[in-house]
>>> print(open('query12.cif').read())   # mmCIF, C-alpha atoms
data_run
#
loop_
_atom_site.label_atom_id
_atom_site.label_comp_id
_atom_site.auth_asym_id
_atom_site.auth_seq_id
_atom_site.Cartn_x
_atom_site.Cartn_y
_atom_site.Cartn_z
CA SER H 20 0.00 0.00 0.00
CA PRO H 21 1.14 3.62 -0.35
CA GLU H 22 1.33 3.86 3.45
CA GLU H 23 3.57 0.80 3.67
CA LYS H 24 5.82 2.12 0.90
CA ALA H 25 6.17 5.42 2.75
CA LEU H 26 7.18 3.61 5.96
CA LEU H 27 9.74 1.49 4.12
CA ALA H 28 11.25 4.57 2.46
CA ARG H 29 11.49 6.54 5.70
CA LYS H 30 14.97 7.02 7.14
CA PRO H 31 15.30 6.69 10.93
CA THR H 32 17.62 9.72 10.90
CA ASP H 33 19.79 11.65 8.48
CA ASN H 34 22.49 12.07 11.11
CA LEU H 35 24.96 9.20 10.68
CA ASP H 36 26.68 9.93 13.99
CA ALA H 37 23.35 9.67 15.82
CA TYR H 38 22.54 6.40 14.06
CA ASP H 39 25.97 5.00 14.89
CA LEU H 40 25.39 5.74 18.58
CA PHE H 41 21.96 4.09 18.34
CA LEU H 42 23.43 0.91 16.84
CA ARG H 43 26.27 0.85 19.36
CA ALA H 44 23.73 1.09 22.20
CA ARG H 45 21.82 -1.90 20.84
CA ASP H 46 24.93 -3.97 20.28
CA LEU H 47 26.23 -3.17 23.77
CA VAL H 48 23.24 -4.79 25.48
CA ASN H 49 23.17 -7.63 22.96
CA ARG H 50 26.75 -8.56 23.84
CA GLU H 51 27.05 -7.62 27.51
CA GLY H 52 23.58 -8.28 28.91
CA ASN H 53 21.52 -6.22 31.34
CA SER H 54 23.78 -5.21 34.22
CA VAL H 55 23.46 -1.76 35.78
CA GLY H 56 26.78 -0.76 34.21
CA THR H 57 25.77 -1.90 30.73
CA ARG H 58 22.37 -0.25 30.88
CA THR H 59 23.94 2.97 32.16
CA LYS H 60 26.32 3.04 29.19
CA GLN H 61 23.44 2.27 26.84
CA ILE H 62 21.37 5.19 28.14
CA SER H 63 24.35 7.51 27.76
CA LEU H 64 24.80 6.48 24.11
CA LEU H 65 21.12 6.97 23.35
CA GLU H 66 20.99 10.36 25.07
CA ARG H 67 23.90 11.46 22.89
CA ALA H 68 22.08 10.14 19.81
CA VAL H 69 18.89 12.12 20.40
CA ALA H 70 20.93 15.19 21.33
CA LEU H 71 22.53 15.04 17.89
CA ASP H 72 19.12 14.57 16.24
CA PRO H 73 16.20 15.61 18.46
CA LYS H 74 13.79 14.31 15.75
CA PHE H 75 15.20 10.76 15.86
CA ALA H 76 11.98 8.97 16.86
CA GLN H 77 13.46 5.47 17.03
CA GLY H 78 16.25 6.79 19.23
CA TRP H 79 13.72 8.24 21.64
CA GLY H 80 11.80 4.96 21.63
CA GLU H 81 14.92 2.98 22.45
CA LEU H 82 15.79 5.46 25.20
CA ALA H 83 12.32 4.92 26.70
CA VAL H 84 12.88 1.15 26.73
CA ALA H 85 16.31 1.49 28.32
CA ASN H 86 14.94 3.65 31.13
CA ALA H 87 11.88 1.44 31.63
CA TYR H 88 14.18 -1.54 32.14
CA TRP H 89 15.46 0.21 35.25
CA ASN H 90 12.08 -0.38 36.87
CA PHE H 91 11.78 -3.93 35.54
CA SER H 92 15.05 -4.98 37.18
CA GLY H 93 14.54 -3.03 40.39
CA PHE H 94 17.63 -0.90 39.98
CA GLU H 95 18.00 2.07 42.30
CA GLY H 96 16.20 5.21 41.15
CA THR H 97 13.22 3.60 39.42
CA GLU H 98 10.85 6.55 39.82
CA THR H 99 13.25 8.91 38.07
CA ALA H 100 13.92 6.35 35.36
CA LEU H 101 10.20 5.79 34.75
CA ALA H 102 9.63 9.53 34.43
CA ARG H 103 12.42 9.69 31.83
CA ALA H 104 10.98 6.68 30.03
CA LYS H 105 7.54 8.31 29.89
CA ALA H 106 8.95 11.55 28.49
CA ALA H 107 11.00 9.66 25.90
CA ILE H 108 8.16 7.46 24.62
CA GLU H 109 5.83 10.45 24.42
CA ARG H 110 8.44 12.29 22.36
CA ALA H 111 8.87 9.28 20.07
CA ARG H 112 5.14 8.96 19.45
CA GLU H 113 4.82 12.68 18.87
CA LEU H 114 7.50 12.50 16.18
CA ALA H 115 6.37 9.27 14.48
CA PRO H 116 2.97 8.03 15.68
CA ASP H 117 2.68 5.53 12.80
CA ASP H 118 6.21 4.09 12.98
CA PRO H 119 6.11 0.34 13.82
CA THR H 120 9.46 0.54 15.60
CA VAL H 121 8.12 3.24 17.89
CA ALA H 122 5.00 1.14 18.50
CA SER H 123 7.23 -1.78 19.45
CA SER H 124 9.08 0.45 21.91
CA LEU H 125 5.70 1.43 23.37
CA GLY H 126 4.90 -2.24 23.94
CA THR H 127 8.23 -2.81 25.67
CA TYR H 128 7.69 0.36 27.73
CA TYR H 129 4.48 -1.20 29.12
CA TYR H 130 6.25 -4.53 29.60
CA TYR H 131 9.36 -3.23 31.36
CA GLY H 132 7.87 -0.22 33.05
CA PHE H 133 4.63 -1.68 34.41
CA ARG H 134 4.67 -5.44 33.73
CA ASP H 135 1.48 -4.84 31.77
CA TYR H 136 1.79 -8.07 29.79
CA ASP H 137 -1.65 -7.98 28.18
CA ARG H 138 -1.23 -4.49 26.80
CA ALA H 139 2.28 -5.18 25.55
CA ASN H 140 1.23 -8.50 24.03
CA ALA H 141 -1.63 -6.88 22.11
CA ILE H 142 0.77 -4.35 20.57
CA TYR H 143 3.33 -7.01 19.63
CA GLU H 144 0.76 -9.35 18.07
CA GLN H 145 -0.69 -6.57 15.92
CA LEU H 146 2.79 -5.53 14.77
CA ALA H 147 3.81 -9.14 14.07
CA ARG H 148 0.91 -9.43 11.62
CA GLN H 149 2.09 -6.25 9.91
CA GLN H 150 5.80 -7.19 10.01
CA PRO H 151 6.09 -10.98 9.72
CA ASN H 152 9.87 -10.77 9.28
CA SER H 153 10.69 -8.61 12.31
CA PRO H 154 12.83 -10.66 14.72
CA SER H 155 12.50 -8.17 17.58
CA LEU H 156 8.72 -8.55 17.63
CA PHE H 157 8.85 -12.33 17.82
CA ASN H 158 11.48 -12.16 20.56
CA SER H 159 9.31 -9.72 22.50
CA LEU H 160 6.28 -11.97 22.10
CA ALA H 161 8.35 -14.93 23.31
CA LEU H 162 9.42 -13.09 26.46
CA ILE H 163 5.90 -11.99 27.32
CA GLN H 164 4.42 -15.43 26.67
CA ARG H 165 7.08 -17.09 28.80
CA ARG H 166 6.09 -14.91 31.75
CA GLN H 167 2.45 -15.74 31.11
CA GLY H 168 3.20 -19.47 31.18
CA LYS H 169 2.42 -19.93 27.48
CA TRP H 170 5.43 -22.16 26.90
CA PRO H 171 4.68 -23.67 23.46
CA GLN H 172 3.89 -20.26 21.97
CA SER H 173 6.93 -18.70 23.61
CA LEU H 174 9.25 -21.40 22.30
CA ALA H 175 7.86 -21.11 18.77
CA ASN H 176 8.29 -17.34 18.72
CA SER H 177 11.78 -17.51 20.23
CA ARG H 178 12.83 -19.97 17.54
CA ARG H 179 11.34 -17.67 14.91
CA ALA H 180 13.31 -14.68 16.23
CA VAL H 181 16.57 -16.66 16.07
CA GLU H 182 15.72 -17.89 12.58
CA LEU H 183 15.25 -14.30 11.40
CA ASP H 184 18.33 -12.93 13.20
CA PRO H 185 20.68 -15.90 13.73
CA ALA H 186 23.64 -13.91 15.08
CA ASN H 187 21.70 -12.01 17.74
CA LEU H 188 23.17 -13.12 21.06
CA SER H 189 20.26 -11.80 23.10
CA TYR H 190 17.71 -13.80 21.11
CA LEU H 191 19.87 -16.91 21.30
CA ARG H 192 20.22 -16.58 25.09
CA ASN H 193 16.47 -16.16 25.47
CA LEU H 194 15.96 -19.32 23.44
CA VAL H 195 18.45 -21.23 25.60
CA SER H 196 16.61 -20.19 28.77
CA THR H 197 13.30 -21.44 27.41
CA LEU H 198 14.82 -24.70 26.19
CA GLN H 199 16.46 -25.30 29.58
CA ALA H 200 13.18 -24.68 31.38
CA GLY H 201 11.54 -27.24 29.11
CA ARG H 202 14.40 -29.74 29.61
CA ARG H 203 15.04 -29.75 25.87
CA TRP H 204 18.71 -30.37 26.54
CA ASN H 205 19.99 -31.36 23.10
CA GLU H 206 18.62 -28.26 21.42
CA ALA H 207 19.71 -26.09 24.38
CA ILE H 208 23.29 -27.40 24.12
CA ASP H 209 23.37 -26.91 20.35
CA THR H 210 22.09 -23.34 20.75
CA GLN H 211 24.62 -22.56 23.49
CA ARG H 212 27.37 -23.83 21.19
CA ARG H 213 26.19 -21.33 18.59
CA ILE H 214 26.54 -18.57 21.19
CA SER H 215 30.05 -19.78 22.04
CA ALA H 216 31.03 -19.77 18.37
CA LEU H 217 29.95 -16.12 18.11
CA GLN H 218 31.97 -15.18 21.22
CA PRO H 219 34.84 -17.69 21.50
CA GLU H 220 36.69 -15.45 23.94
CA ASN H 221 33.81 -15.58 26.43
CA LEU H 222 34.67 -18.24 29.02
CA SER H 223 31.25 -18.19 30.66
CA ASP H 224 29.46 -18.94 27.41
CA ARG H 225 31.80 -21.85 26.71
CA TYR H 226 31.38 -23.15 30.27
CA LEU H 227 27.58 -23.20 30.06
CA VAL H 228 27.80 -25.92 27.41
CA VAL H 229 29.44 -28.33 29.85
CA GLU H 230 27.11 -27.38 32.68
CA MET H 231 24.14 -28.22 30.46
CA ALA H 232 25.75 -31.53 29.48
CA PHE H 233 25.98 -32.43 33.17
CA SER H 234 22.36 -31.40 33.75
CA ALA H 235 21.21 -33.46 30.78
CA PHE H 236 23.32 -36.60 31.08
CA GLY H 237 25.16 -36.46 34.42
CA SER H 238 28.43 -36.42 32.50
CA LYS H 239 31.51 -34.77 34.01
CA ARG H 240 33.73 -35.57 31.01
CA GLU H 241 32.84 -32.42 29.07
CA GLY H 242 33.60 -30.25 32.12
CA GLU H 243 36.97 -31.80 32.80
CA GLU H 244 37.89 -31.47 29.12
CA PHE H 245 36.82 -27.82 29.19
CA PHE H 246 39.02 -26.94 32.16
CA ALA H 247 41.95 -29.03 30.86
CA GLY H 248 41.76 -27.12 27.56
CA LEU H 249 42.01 -23.64 29.10
CA THR H 250 45.18 -21.68 28.54
CA PRO H 251 47.22 -20.95 31.70
CA ALA H 252 46.04 -17.33 31.57
CA GLU H 253 42.40 -18.38 31.30
CA ARG H 254 42.73 -21.06 33.99
CA ASP H 255 44.34 -18.70 36.52
CA SER H 256 42.18 -15.67 35.78
CA PRO H 257 39.53 -14.69 38.37
CA GLU H 258 36.81 -15.75 35.93
CA GLY H 259 38.47 -19.11 35.24
CA LEU H 260 38.94 -19.82 38.94
CA LEU H 261 35.37 -18.80 39.73
CA LEU H 262 34.02 -21.06 36.98
CA ARG H 263 36.07 -23.93 38.39
CA GLN H 264 34.57 -23.33 41.82
CA GLY H 265 31.12 -23.20 40.26
CA TRP H 266 31.75 -26.52 38.51
CA LEU H 267 32.87 -28.20 41.74
CA GLN H 268 29.78 -26.96 43.54
CA PHE H 269 27.44 -27.75 40.64
CA THR H 270 28.64 -31.34 40.35
CA GLY H 271 28.49 -31.96 44.10
CA ASP H 272 32.23 -31.93 44.86
CA LEU H 273 31.76 -29.79 47.95
CA ALA H 274 35.09 -30.80 49.52
CA GLY H 275 36.89 -29.63 46.36
CA PHE H 276 34.86 -26.43 46.37
CA VAL H 277 35.76 -25.65 50.00
CA ARG H 278 39.47 -26.25 49.30
CA SER H 279 39.36 -23.95 46.27
CA ASP H 280 37.43 -21.29 48.12
CA ARG H 281 40.00 -21.24 50.93
CA ILE H 282 42.82 -20.79 48.42
CA HIS H 283 40.99 -18.23 46.25
CA PRO H 284 38.42 -16.33 48.36
CA TYR H 285 36.47 -13.29 47.15
CA LEU H 286 36.60 -14.23 43.46
CA ASP H 287 33.08 -12.93 42.83
CA GLU H 288 34.08 -9.51 44.16
CA ARG H 289 37.15 -9.47 41.90
CA ILE H 290 34.99 -10.33 38.90
CA GLY H 291 32.49 -7.60 39.83
CA SER H 292 35.19 -4.97 40.19
CA ARG H 293 36.22 -5.47 36.57
CA SER H 294 32.74 -4.95 35.07
#
>>> encode(input="query12.cif", output="C-alpha cells")
Amino acid sequence: SPEEKALLARKPTDNLDAYDLFLRARDLVNREGNSVGTRTKQISLLERAVALDPKFAQGWGELAVANAYWNFSGFEGTETALARAKAAIERARELAPDDPTVASSLGTYYYYGFRDYDRANAIYEQLARQQPNSPSLFNSLALIQRRQGKWPQSLANSRRAVELDPANLSYLRNLVSTLQAGRRWNEAIDTQRRISALQPENLSDRYLVVEMAFSAFGSKREGEEFFAGLTPAERDSPEGLLLRQGWLQFTGDLAGFVRSDRIHPYLDERIGSRS
C-alpha cells in the first residue's frame, strides 16, 4: 500500500553519527547483557544520539525502553527512570505516531515499566501481523508469553526470532533459557554452542555448554575437558577460577569447592570490580 511504501522509504535519521550511537547502544546490550553498568552506558549512548538529532523517533523509543528496564530490574532510582521513560516514549510517538518501531518500543515500555503483559502482548501481536519478518517482535512476544506461562507459543516465537536474526546473542540466550526450562537439553546445548562460536573469547558462554551436558546426562567428562583445555592465563584468571569453583559446587564436589574457596576467596568480588 502507499502507506507501507512510505514507511519502508522513511529514514530513521539523516544524522549518521546519531545512528551510529543508536546501533552501538543496541549492540552493547546484545553482547554484555543487562547489568546496571551496561544499561547505564546504553542510556548515555542513546541520550547522545537524540541530542545530535532531536527528531530521531526510534532513538527516543529505544531510550524509553532502556529507562523502563530500570524499573523492571529493580535498579536504584526507578521513579526517576520511569519519568524519563515516559517523556522519551511520548516524544517518540509525537515524532512518528505511525512508525512500527516506535509502537514496538511502546509495547516494551508497558512490559518493562509496568509489567502490563496484556497491553504489551496486544501491541506485539498486531505488529507481528504487519511485520512478519521482524525478529525483535517475535522475541518480544516470546518473552511476554514465557512470563504468562504460554510455553509452546513462547518457544515457537523464540525460535522464529533466532531464525530471522541468527547472530543475535540476546535472542539466542532467550531461546536457551526457554529450552532449559523445558528440559530440551539437546537443542539447548546446540544453541549454546552457537553462542560460544559467536563469542569464543567468552569463558562463561563456553562453560555453560558443559554445565548443560551435566544437567542433561550427568556427565563430568565435558567439564573436565573444558578446564583441561584452558590456557594458563584463562585457567588462573579470576573468571576461570570462579568457573572452576562453580563446577565443583554444581557437580556436588563440595570438599573440592571448599578447598578452592579457601585458596581463592572473594573471586566474585574481583569479577564484579572489573565490570
>>> closest_residue(input="query12.cif", among="H:Glu95, H:Glu113, H:Glu81, H:Glu51", to="H:Thr127", atoms="all atoms listed in the file")
H:Glu81
>>> atom_distance(input="query12.cif", atom1="atom CA of H:Pro185", atom2="atom CA of H:Arg225")
18.1 Å
>>> residues_around(input="query12.cif", residues="stretch 261-270 of chain H", least_positions_apart="2", cutoff="8 Å", atoms="all atoms listed in the file", output="list in words")
Ser223, Tyr226, Glu230, Phe233, Lys239, Gly242, Phe246, Pro257, Glu258, Gly259, Asp272, Leu273, Gly275, Phe276, Ser279, Asp280, Leu286 and Asp287 of chain H
>>> closest_residue(input="query12.cif", among="H:Gly271, H:Ala44, H:Asn193, H:Pro154", to="H:Ala180", atoms="only C-alpha atoms")
H:Pro154
>>> resolve_selection(input="query12.cif", expression="the PyMOL selection byres ((chain H and resi 61) around 12)", output="PyMOL selection string")
chain H and resi 40-60+62-68+78+81-86+88-89
>>> atom_distance(input="query12.cif", atom1="atom CA of H:Leu198", atom2="atom CA of H:Leu174")
7.6 Å
>>> residues_around(input="query12.cif", residues="H:Asp209", least_positions_apart="6", cutoff="10 Å", atoms="all atoms listed in the file", output="VMD selection string")
chain H and resid 195 215 228
